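Pasted below: data10.cif, mmCIF, C-alpha atoms and all ligand atoms.
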```
data_run
#
loop_
_atom_site.label_atom_id
_atom_site.label_comp_id
_atom_site.auth_asym_id
_atom_site.auth_seq_id
_atom_site.Cartn_x
_atom_site.Cartn_y
_atom_site.Cartn_z
CA MET L 155 62.33 114.73 75.26
CA SER L 156 64.91 111.98 75.54
CA PRO L 157 65.30 111.03 79.18
CA ALA L 158 68.82 110.80 80.59
CA SER L 159 67.79 107.95 82.87
CA PRO L 160 64.56 105.96 83.12
CA SER L 161 63.53 107.49 86.46
CA ARG L 162 64.85 111.05 85.98
CA SER L 163 62.85 112.31 83.03
CA VAL L 164 63.36 116.10 83.20
CA ARG L 165 66.89 117.35 82.62
CA LEU L 166 67.12 120.63 84.49
CA GLY L 167 69.58 123.47 83.94
CA ILE L 168 70.06 126.14 86.59
CA ILE L 169 70.53 129.80 85.66
CA GLY L 170 72.27 131.59 88.54
CA THR L 171 74.62 130.47 91.29
CA GLY L 172 73.20 132.23 94.36
CA GLY L 173 72.27 131.44 97.93
CA ILE L 174 68.90 129.89 97.10
CA LEU L 175 70.68 126.81 95.74
CA ASP L 176 71.53 125.69 99.30
CA ARG L 177 67.80 125.14 99.78
CA PHE L 178 66.73 124.28 96.27
CA LEU L 179 69.23 121.53 95.45
CA PRO L 180 68.39 119.21 98.39
CA GLY L 181 64.77 119.38 97.22
CA ALA L 182 65.82 118.68 93.63
CA ALA L 183 67.74 115.60 94.79
CA LEU L 184 64.52 114.28 96.36
CA SER L 185 62.39 114.89 93.27
CA THR L 186 62.39 111.59 91.35
CA PRO L 187 61.69 113.01 87.87
CA ILE L 188 64.30 115.77 88.10
CA GLU L 189 67.93 115.43 87.04
CA VAL L 190 70.06 118.56 87.51
CA VAL L 191 72.43 118.40 84.54
CA ALA L 192 73.89 121.91 84.15
CA ILE L 193 74.44 125.26 85.82
CA ALA L 194 75.23 128.66 84.30
CA SER L 195 76.91 131.77 85.64
CA ARG L 196 77.86 135.10 84.07
CA ASP L 197 81.39 134.09 84.94
CA PRO L 198 82.92 130.80 83.62
CA ASP L 199 85.09 130.27 86.72
CA ARG L 200 82.11 130.76 89.00
CA ALA L 201 80.11 128.31 86.87
CA ARG L 202 82.86 125.67 87.12
CA ALA L 203 83.24 126.23 90.86
CA ALA L 204 79.50 125.98 91.47
CA ALA L 205 79.21 122.82 89.35
CA ALA L 206 82.13 121.18 91.16
CA ALA L 207 80.92 122.18 94.64
CA ARG L 208 77.38 121.01 93.98
CA GLY L 209 78.06 117.89 91.92
CA ILE L 210 76.41 119.21 88.75
CA PRO L 211 77.82 117.60 85.57
CA ARG L 212 78.08 120.59 83.19
CA ALA L 213 79.08 124.23 83.75
CA HIS L 214 78.22 127.01 81.30
CA GLY L 215 80.06 130.34 81.35
CA SER L 216 77.04 132.29 80.17
CA TYR L 217 73.29 131.94 80.49
CA ASP L 218 72.97 131.85 76.68
CA ASP L 219 75.33 128.85 76.55
CA LEU L 220 73.06 126.93 78.89
CA LEU L 221 70.04 127.81 76.77
CA ALA L 222 71.89 126.43 73.72
CA ASP L 223 72.53 123.13 75.55
CA ALA L 224 70.33 120.55 73.77
CA ALA L 225 70.61 118.22 76.76
CA VAL L 226 68.63 120.65 78.93
CA ASP L 227 64.84 120.27 78.84
CA ALA L 228 63.87 122.80 81.46
CA VAL L 229 65.45 125.66 83.39
CA TYR L 230 65.26 126.97 86.93
CA ILE L 231 65.82 130.74 86.89
CA CYS L 232 67.17 132.04 90.20
CA LEU L 233 68.41 135.48 89.20
CA PRO L 234 67.69 138.90 90.75
CA ASN L 235 64.04 139.88 90.37
CA SER L 236 64.65 142.43 87.60
CA MET L 237 65.96 139.62 85.37
CA HIS L 238 63.14 137.10 85.79
CA HIS L 239 60.94 138.07 82.86
CA ASP L 240 63.72 138.68 80.35
CA TRP L 241 65.44 135.35 81.01
CA THR L 242 62.12 133.54 81.08
CA MET L 243 61.34 134.87 77.59
CA ARG L 244 64.79 133.90 76.33
CA SER L 245 64.44 130.43 77.85
CA LEU L 246 61.02 129.88 76.28
CA GLU L 247 62.38 131.11 72.94
CA ALA L 248 65.12 128.47 73.30
CA GLY L 249 62.45 125.79 73.78
CA LYS L 250 62.95 125.24 77.52
CA HIS L 251 60.24 124.78 80.14
CA VAL L 252 60.64 127.38 82.92
CA LEU L 253 60.42 127.37 86.68
CA CYS L 254 61.18 130.99 87.60
CA GLU L 255 61.82 132.21 91.11
CA LYS L 256 59.39 134.55 92.83
CA PRO L 257 58.38 137.28 92.37
CA TYR L 258 58.00 136.87 88.62
CA THR L 259 57.09 140.54 88.04
CA THR L 260 54.85 143.40 89.13
CA ASP L 261 53.69 143.86 85.53
CA PRO L 262 50.69 141.70 84.49
CA ALA L 263 51.50 142.33 80.80
CA GLU L 264 54.79 140.47 81.28
CA VAL L 265 52.93 137.49 82.76
CA ASP L 266 50.62 137.40 79.76
CA ALA L 267 53.48 137.76 77.26
CA ALA L 268 55.38 134.88 78.83
CA HIS L 269 52.36 132.60 79.06
CA ASP L 270 51.30 133.43 75.50
CA LEU L 271 54.76 132.35 74.34
CA ALA L 272 54.76 129.24 76.56
CA ASP L 273 51.31 128.21 75.30
CA ALA L 274 52.24 128.78 71.66
CA SER L 275 55.41 126.70 72.15
CA GLY L 276 53.82 123.88 74.16
CA LEU L 277 56.02 124.70 77.17
CA VAL L 278 55.34 124.88 80.89
CA LEU L 279 55.91 128.10 82.85
CA THR L 280 55.45 128.38 86.59
CA GLU L 281 56.53 130.66 89.46
CA GLY L 282 58.63 129.40 92.37
CA PHE L 283 56.29 129.82 95.33
CA MET L 284 57.38 126.50 96.79
CA TRP L 285 55.40 127.06 100.03
CA ARG L 286 52.12 126.73 98.06
CA HIS L 287 52.96 123.06 97.37
CA GLY L 288 53.55 122.18 101.00
CA PRO L 289 51.09 120.19 103.11
CA HIS L 290 50.69 123.08 105.56
CA ALA L 291 49.32 125.45 102.94
CA LEU L 292 46.90 122.77 101.70
CA ARG L 293 45.80 121.83 105.23
CA PHE L 294 45.27 125.49 106.19
CA VAL L 295 42.80 125.86 103.33
CA GLU L 296 41.06 122.60 104.32
CA GLU L 297 40.65 123.68 107.94
CA LEU L 298 39.57 127.25 107.13
CA PRO L 299 35.82 126.58 107.63
CA ARG L 300 36.60 126.23 111.39
CA VAL L 301 36.86 130.02 111.70
CA GLY L 302 33.31 130.57 110.40
CA GLU L 303 32.86 133.57 108.16
CA LEU L 304 36.37 134.72 107.26
CA ARG L 305 36.87 138.42 108.09
CA THR L 306 40.61 139.09 108.40
CA ILE L 307 43.79 137.48 107.14
CA ARG L 308 46.93 138.66 108.89
CA SER L 309 50.36 137.68 107.61
CA THR L 310 53.90 138.80 108.38
CA PHE L 311 57.22 137.79 106.89
CA THR L 312 60.33 139.59 108.08
CA PHE L 313 63.95 138.55 108.49
CA ARG L 314 67.22 140.27 109.38
CA LEU L 315 69.20 141.02 106.26
CA GLU L 316 72.87 140.27 106.84
CA SER L 317 74.53 142.38 104.16
CA GLU L 318 73.82 145.86 102.86
CA ALA L 319 75.21 144.63 99.51
CA ASP L 320 72.39 142.06 99.16
CA ILE L 321 70.48 142.03 95.86
CA ARG L 322 67.36 142.60 97.99
CA LEU L 323 68.43 146.21 98.57
CA GLY L 324 69.25 146.88 94.90
CA ALA L 325 66.80 149.29 93.30
CA GLU L 326 68.02 148.42 89.79
CA LEU L 327 67.57 144.71 90.59
CA ALA L 328 63.92 145.20 91.67
CA GLY L 329 64.69 144.58 95.33
CA GLY L 330 62.52 145.53 98.28
CA SER L 331 60.94 143.71 101.18
CA LEU L 332 57.51 143.42 99.55
CA MET L 333 59.15 141.90 96.47
CA ASP L 334 61.29 139.53 98.50
CA VAL L 335 59.16 138.30 101.41
CA GLY L 336 55.97 140.37 101.39
CA THR L 337 55.16 138.59 98.14
CA TYR L 338 54.61 135.44 100.24
CA CYS L 339 52.10 137.37 102.36
CA VAL L 340 50.30 138.41 99.17
CA SER L 341 50.33 134.77 98.06
CA ALA L 342 48.94 133.61 101.43
CA SER L 343 46.25 136.32 101.47
CA ARG L 344 45.05 135.40 97.98
CA LEU L 345 45.12 131.68 98.76
CA LEU L 346 43.07 131.97 101.95
CA ALA L 347 40.67 134.57 100.54
CA GLY L 348 40.03 132.25 97.61
CA ARG L 349 39.67 135.24 95.31
CA GLU L 350 41.55 138.28 94.06
CA PRO L 351 41.69 141.64 95.87
CA VAL L 352 39.58 144.56 94.66
CA ALA L 353 41.65 147.32 96.27
CA ALA L 354 45.00 147.87 97.97
CA ILE L 355 46.63 150.32 100.36
CA GLY L 356 50.37 150.28 101.02
CA ILE L 357 52.95 152.12 103.09
CA ALA L 358 56.66 151.71 102.37
CA TRP L 359 59.57 152.68 104.60
CA PRO L 360 62.56 153.14 102.29
CA ALA L 361 66.13 151.92 102.70
CA PRO L 362 68.89 154.35 101.62
CA SER L 363 68.89 152.66 98.18
CA GLY L 364 65.25 153.65 97.74
CA VAL L 365 63.71 150.16 97.89
CA ASP L 366 61.25 149.41 100.69
CA ASP L 367 63.12 148.24 103.77
CA ARG L 368 59.73 147.59 105.37
CA PHE L 369 56.26 147.46 103.87
CA SER L 370 52.79 147.25 105.36
CA GLY L 371 49.64 146.90 103.34
CA VAL L 372 45.97 146.08 103.26
CA LEU L 373 44.31 144.06 100.52
CA ASP L 374 40.53 144.47 100.32
CA PHE L 375 38.93 141.30 98.98
CA GLY L 376 35.39 142.75 98.98
CA ASP L 377 32.38 141.62 101.03
CA GLY L 378 34.11 142.80 104.22
CA LEU L 379 37.16 140.56 103.92
CA ALA L 380 40.53 142.28 104.37
CA ALA L 381 44.10 141.04 104.56
CA THR L 382 46.83 142.94 106.38
CA LEU L 383 50.43 142.17 105.58
CA THR L 384 53.87 143.24 106.74
CA SER L 385 57.31 142.53 105.34
CA GLY L 386 60.73 143.79 106.33
CA PHE L 387 64.47 143.27 106.57
CA ARG L 388 65.11 144.32 110.21
CA SER L 389 63.22 141.80 112.38
CA GLN L 390 62.58 138.06 112.35
CA HIS L 391 59.00 136.82 112.23
CA SER L 392 56.82 134.73 109.96
CA SER L 393 53.19 133.75 110.53
CA ILE L 394 49.72 133.64 109.00
CA GLU L 395 46.45 134.00 110.91
CA ALA L 396 42.91 133.68 109.60
CA ILE L 397 40.27 135.34 111.79
CA GLY L 398 36.58 134.68 111.35
CA SER L 399 33.19 134.92 113.02
CA ASP L 400 33.75 131.71 115.03
CA GLY L 401 37.46 131.87 115.85
CA SER L 402 40.91 131.91 114.32
CA LEU L 403 43.50 129.60 112.81
CA ARG L 404 47.24 130.25 112.96
CA LEU L 405 50.39 128.84 111.39
CA ASP L 406 53.87 129.93 112.50
CA ASP L 407 56.86 129.95 110.15
CA PRO L 408 54.68 128.94 107.19
CA PHE L 409 56.79 129.98 104.22
CA ALA L 410 60.17 128.25 104.44
CA GLY L 411 59.06 124.63 104.81
CA ARG L 412 59.68 124.68 108.58
CA ALA L 413 56.07 124.95 109.82
CA THR L 414 54.94 122.15 112.09
CA ARG L 415 51.67 122.91 113.83
CA LEU L 416 48.40 124.43 112.67
CA VAL L 417 46.57 125.84 115.74
CA GLY L 418 42.98 127.00 116.17
CA SER L 419 41.51 129.29 118.84
CA ASP L 420 38.92 126.56 119.56
CA GLY L 421 41.64 124.22 120.89
CA PHE L 422 42.16 122.52 117.55
CA ALA L 423 45.80 121.66 116.81
CA VAL L 424 47.30 119.40 114.19
CA ASP L 425 50.90 118.50 113.43
CA VAL L 426 51.28 118.36 109.67
CA PRO L 427 54.28 116.35 108.47
CA ARG L 428 57.06 118.39 106.89
CA VAL L 429 57.86 117.61 103.27
CA ASN L 430 60.60 119.44 101.37
CA PRO L 431 58.61 122.13 99.50
CA TYR L 432 61.19 122.45 96.71
CA GLN L 433 60.80 118.73 96.02
CA LEU L 434 57.02 119.17 95.80
CA GLU L 435 57.39 122.22 93.56
CA LEU L 436 59.66 120.26 91.22
CA ASP L 437 57.40 117.20 91.25
CA ASP L 438 54.54 119.49 90.20
CA PHE L 439 56.69 121.13 87.48
CA ALA L 440 57.80 117.73 86.13
CA ALA L 441 54.23 116.38 86.15
CA ALA L 442 53.09 119.37 84.10
CA ILE L 443 55.97 118.86 81.65
CA GLY L 444 54.95 115.21 81.42
CA GLY L 445 51.44 116.27 80.39
CA GLU L 446 49.69 115.26 83.59
CA GLY L 447 47.91 118.63 83.87
CA PRO L 448 48.70 122.30 84.38
CA PRO L 449 51.18 123.35 87.09
CA ARG L 450 49.61 124.41 90.39
CA LEU L 451 50.73 128.00 89.79
CA GLY L 452 49.97 128.98 86.23
CA ARG L 453 48.95 132.13 84.39
CA ALA L 454 45.99 133.07 86.62
CA ASP L 455 47.98 132.81 89.83
CA MET L 456 50.96 134.69 88.42
CA LEU L 457 48.64 137.45 87.17
CA GLY L 458 47.00 137.71 90.60
CA GLN L 459 50.39 138.09 92.26
CA ALA L 460 51.63 140.71 89.78
CA ARG L 461 48.43 142.79 89.99
CA ALA L 462 48.39 142.81 93.80
CA LEU L 463 52.10 143.69 94.09
CA ARG L 464 51.75 146.48 91.56
CA ALA L 465 48.70 147.91 93.34
CA LEU L 466 50.44 147.84 96.74
CA TYR L 467 53.50 149.64 95.36
CA GLU L 468 51.35 152.14 93.47
CA SER L 469 49.41 152.94 96.63
CA ALA L 470 52.63 153.41 98.63
CA ALA L 471 53.99 155.72 95.93
CA THR L 472 50.84 157.85 95.59
CA GLY L 473 49.43 157.71 99.12
CA ARG L 474 46.08 156.65 97.65
CA LEU L 475 43.90 153.56 97.71
CA VAL L 476 44.34 151.68 94.42
CA ARG L 477 41.41 149.77 92.90
CA LEU L 478 42.19 146.59 90.98
N1 LIG L 501 61.79 130.42 96.86
C1 LIG L 501 62.68 130.61 97.79
O1 LIG L 501 62.73 129.93 98.81
C2 LIG L 501 63.71 131.69 97.59
C3 LIG L 501 64.68 131.89 98.57
C4 LIG L 501 65.70 132.82 98.31
C5 LIG L 501 65.69 133.53 97.12
N2 LIG L 501 64.70 133.32 96.21
C6 LIG L 501 64.71 134.07 94.94
O2 LIG L 501 65.79 133.61 94.16
C7 LIG L 501 66.37 134.69 93.44
C8 LIG L 501 67.86 134.73 93.75
O3 LIG L 501 68.04 134.92 95.14
P1 LIG L 501 69.41 134.52 95.87
O4 LIG L 501 69.18 134.67 97.31
O5 LIG L 501 69.89 133.23 95.36
O6 LIG L 501 70.34 135.73 95.37
P2 LIG L 501 71.93 135.80 95.28
O7 LIG L 501 72.55 134.90 96.28
O8 LIG L 501 72.31 137.23 95.32
O9 LIG L 501 72.23 135.20 93.82
C9 LIG L 501 71.78 135.84 92.65
C10 LIG L 501 72.53 135.24 91.47
O10 LIG L 501 72.10 135.93 90.30
C11 LIG L 501 73.20 136.11 89.41
N3 LIG L 501 73.21 137.51 88.95
C12 LIG L 501 73.05 137.91 87.68
N4 LIG L 501 73.10 139.24 87.57
C13 LIG L 501 73.35 139.71 88.82
C14 LIG L 501 73.53 141.01 89.35
N5 LIG L 501 73.48 142.11 88.57
N6 LIG L 501 73.77 141.12 90.66
C15 LIG L 501 73.81 140.05 91.46
N7 LIG L 501 73.62 138.78 91.01
C16 LIG L 501 73.40 138.61 89.70
C17 LIG L 501 74.45 135.74 90.18
O11 LIG L 501 74.95 134.55 89.59
P3 LIG L 501 76.17 134.59 88.55
O12 LIG L 501 76.86 135.92 88.70
O13 LIG L 501 77.04 133.45 88.99
O14 LIG L 501 75.58 134.41 87.22
C18 LIG L 501 74.01 135.45 91.59
O15 LIG L 501 74.65 134.30 92.12
C19 LIG L 501 65.59 135.93 93.83
O16 LIG L 501 64.61 136.20 92.86
C20 LIG L 501 64.91 135.55 95.13
O17 LIG L 501 63.66 136.23 95.32
C21 LIG L 501 63.74 132.41 96.43
#
```
As structure tokens, please, write out the structure in this file.
Ligand SMILES: NC(=O)c1ccc[n+]([C@@H]2O[C@H](COP(=O)([O-])OP(=O)(O)OC[C@H]3O[C@@H](n4cnc5c(N)ncnc54)[C@H](OP(=O)(O)O)[C@@H]3O)[C@@H](O)[C@H]2O)c1
Amino acid sequence: MSPASPSRSVRLGIIGTGGILDRFLPGAALSTPIEVVAIASRDPDRARAAAAARGIPRAHGSYDDLLADAAVDAVYICLPNSMHHDWTMRSLEAGKHVLCEKPYTTDPAEVDAAHDLADASGLVLTEGFMWRHGPHALRFVEELPRVGELRTIRSTFTFRLESEADIRLGAELAGGSLMDVGTYCVSASRLLAGREPVAAIGIAWPAPSGVDDRFSGVLDFGDGLAATLTSGFRSQHSSIEAIGSDGSLRLDDPFAGRATRLVGSDGFAVDVPRVNPYQLELDDFAAAIGGEGPPRLGRADMLGQARALRALYESAATGRLVRL
């Protein structure tokens, strides 16, 4: 890799021009090793407009053109969910490191195929669960022993969808509330449980397009530990609670980098400083590219996510408990 500037050592290309960039780019600007050098759209005019509006030097009128750009070391894929795996494979084949938005997939075989290719090519692949890099997630895990023997993890992530034309309602784009925001609840449940679920039950309430407008599920982690989760597009709430033999621990608004205070039922409360989670995600990605160690979210984590999501959807579709 030939760095574009001494301090910005990873030249990043962005694939997609959507709403996430309003949140992602301020974080990228704060990440010292990251230099955003190019953006690609399916439409050349949209690529030029996005590059001009966001101060990105080069615009590519197709995703393939960006992958052929030798001055791009790594890509950030922020496309609809159905396109994540395909464009990750194409990016790895083009020799680019990949940070792909969540959820990567519901198919564990796709996770393995992508990581096999990344490993064989000496490239880094990670999934964009930026909240996992934030100090609140790390502190929650540290403080978890306060609750005693962990029995229940309860998490909810819902928001009011503004447009019925949103990609999140597109069946062919792998939309759905569990895919979009419930996937954070799955991530939180797995993180706090410290292990993978052994069974799943799900109920989906469909939107007219067929995707789940709302989803509720239970993940059984064995040894009496269960996680309940709810996602949806018609209300506004986000929280995680861990409930144990000695009390509980709660974090409001944990997933979007806005959380402030971790609160315990025993009177414990701590204000954890906010740090831009996209910056931390990119710092972690760049460190892995620089050979400092694996990314925080590698193959094992991505497999755990895919397996749990698939089991929840399978249960909702069949009305049966699904063993993992
Ligand atoms: N981690 C987070 O905080 C976070 C937050 C929001 C979203 N996300 C994830 O980021 C991804 C994109 O979300 P978004 O909110 O940015 O979506 P969006 O605003 O709808 O943008 C999606 C982009 O994908 C491209 N695209 C390619 N094929 C498309 C198709 N058939 N239909 C629609 N768009 C298509 C479009 O760019 P061009 O047409 O210009 O190529 C479009 O701008 C999703 O996977 C989502 O889960 C993550």
Could you work out how far atom O16 of ligand LIG 501 (chain L) lies from CA of His238 in chain L, giving the answer in Å with one decimal?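 CA of His238 in chain L sits 7.3 Å away from atom O16 of ligand LIG 501 (chain L).
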Write out as a tab-separated table (two decimals) with C-alpha atoms, keeping the file's coordinate frame which residues come within 12 Å of Ala319 in chain L when counting only C-alpha atoms, dropping same-chain ones fewer than 4 positions away.
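Okay, part33.tsv is ready:
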```tsv
chain	number	residue	atom	x	y	z
L	315	LEU	CA	69.20	141.02	106.26
L	323	LEU	CA	68.43	146.21	98.57
L	324	GLY	CA	69.25	146.88	94.90
L	325	ALA	CA	66.80	149.29	93.30
L	327	LEU	CA	67.57	144.71	90.59
L	329	GLY	CA	64.69	144.58	95.33
L	362	PRO	CA	68.89	154.35	101.62
L	363	SER	CA	68.89	152.66	98.18
```
Within 6 Å of ligand LIG 501 (chain L), which residues show up when you count all atoms listed in the file? List them as a VMD selection string, please. chain L and resid 170 to 174 195 to 197 200 232 to 235 255 to 256 282 to 284 321 334
Output the selection as a short mmCIF file (atom, residue, chain, number, x, y, z; two decimals), in the frame of the given file - C-alpha atoms for each residue.
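Saved as result.cif:
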```
data_model
loop_
_atom_site.label_atom_id
_atom_site.label_comp_id
_atom_site.auth_asym_id
_atom_site.auth_seq_id
_atom_site.Cartn_x
_atom_site.Cartn_y
_atom_site.Cartn_z
CA GLY L 170 72.27 131.59 88.54
CA THR L 171 74.62 130.47 91.29
CA GLY L 172 73.20 132.23 94.36
CA GLY L 173 72.27 131.44 97.93
CA ILE L 174 68.90 129.89 97.10
CA SER L 195 76.91 131.77 85.64
CA ARG L 196 77.86 135.10 84.07
CA ASP L 197 81.39 134.09 84.94
CA ARG L 200 82.11 130.76 89.00
CA CYS L 232 67.17 132.04 90.20
CA LEU L 233 68.41 135.48 89.20
CA PRO L 234 67.69 138.90 90.75
CA ASN L 235 64.04 139.88 90.37
CA GLU L 255 61.82 132.21 91.11
CA LYS L 256 59.39 134.55 92.83
CA GLY L 282 58.63 129.40 92.37
CA PHE L 283 56.29 129.82 95.33
CA MET L 284 57.38 126.50 96.79
CA ILE L 321 70.48 142.03 95.86
CA ASP L 334 61.29 139.53 98.50
#
```
Can you list, as a short mmCIF file (atom, residue, chain, number, x, y, z; two decimals) with C-alpha atoms, keeping the file's coordinate frame, every protein, DNA or RNA residue that comes within 8 Å of Leu221 in chain L when you count only C-alpha atoms, leaving out same-chain residues fewer than 3 positions away?
```cif
data_model
loop_
_atom_site.label_atom_id
_atom_site.label_comp_id
_atom_site.auth_asym_id
_atom_site.auth_seq_id
_atom_site.Cartn_x
_atom_site.Cartn_y
_atom_site.Cartn_z
CA TYR L 217 73.29 131.94 80.49
CA ASP L 218 72.97 131.85 76.68
CA ALA L 224 70.33 120.55 73.77
CA VAL L 226 68.63 120.65 78.93
CA SER L 245 64.44 130.43 77.85
CA ALA L 248 65.12 128.47 73.30
CA LYS L 250 62.95 125.24 77.52
#
```
Counting only C-alpha atoms, what is within 12 Å of Arg461 in chain L, bar same-chain residues fewer than 4 positions away, as a ChimeraX atom specification? /L:257-266,337,340-341,344,350-354,373,454-457,465-468,476-478
Contacts of Gly330 in chain L within 9 Å, only C-alpha atoms, excl. fewer than 2 positions in-chain, as a ChimeraX atom specification: /L:322-325,328,332-336,360-361,364-369,386-387
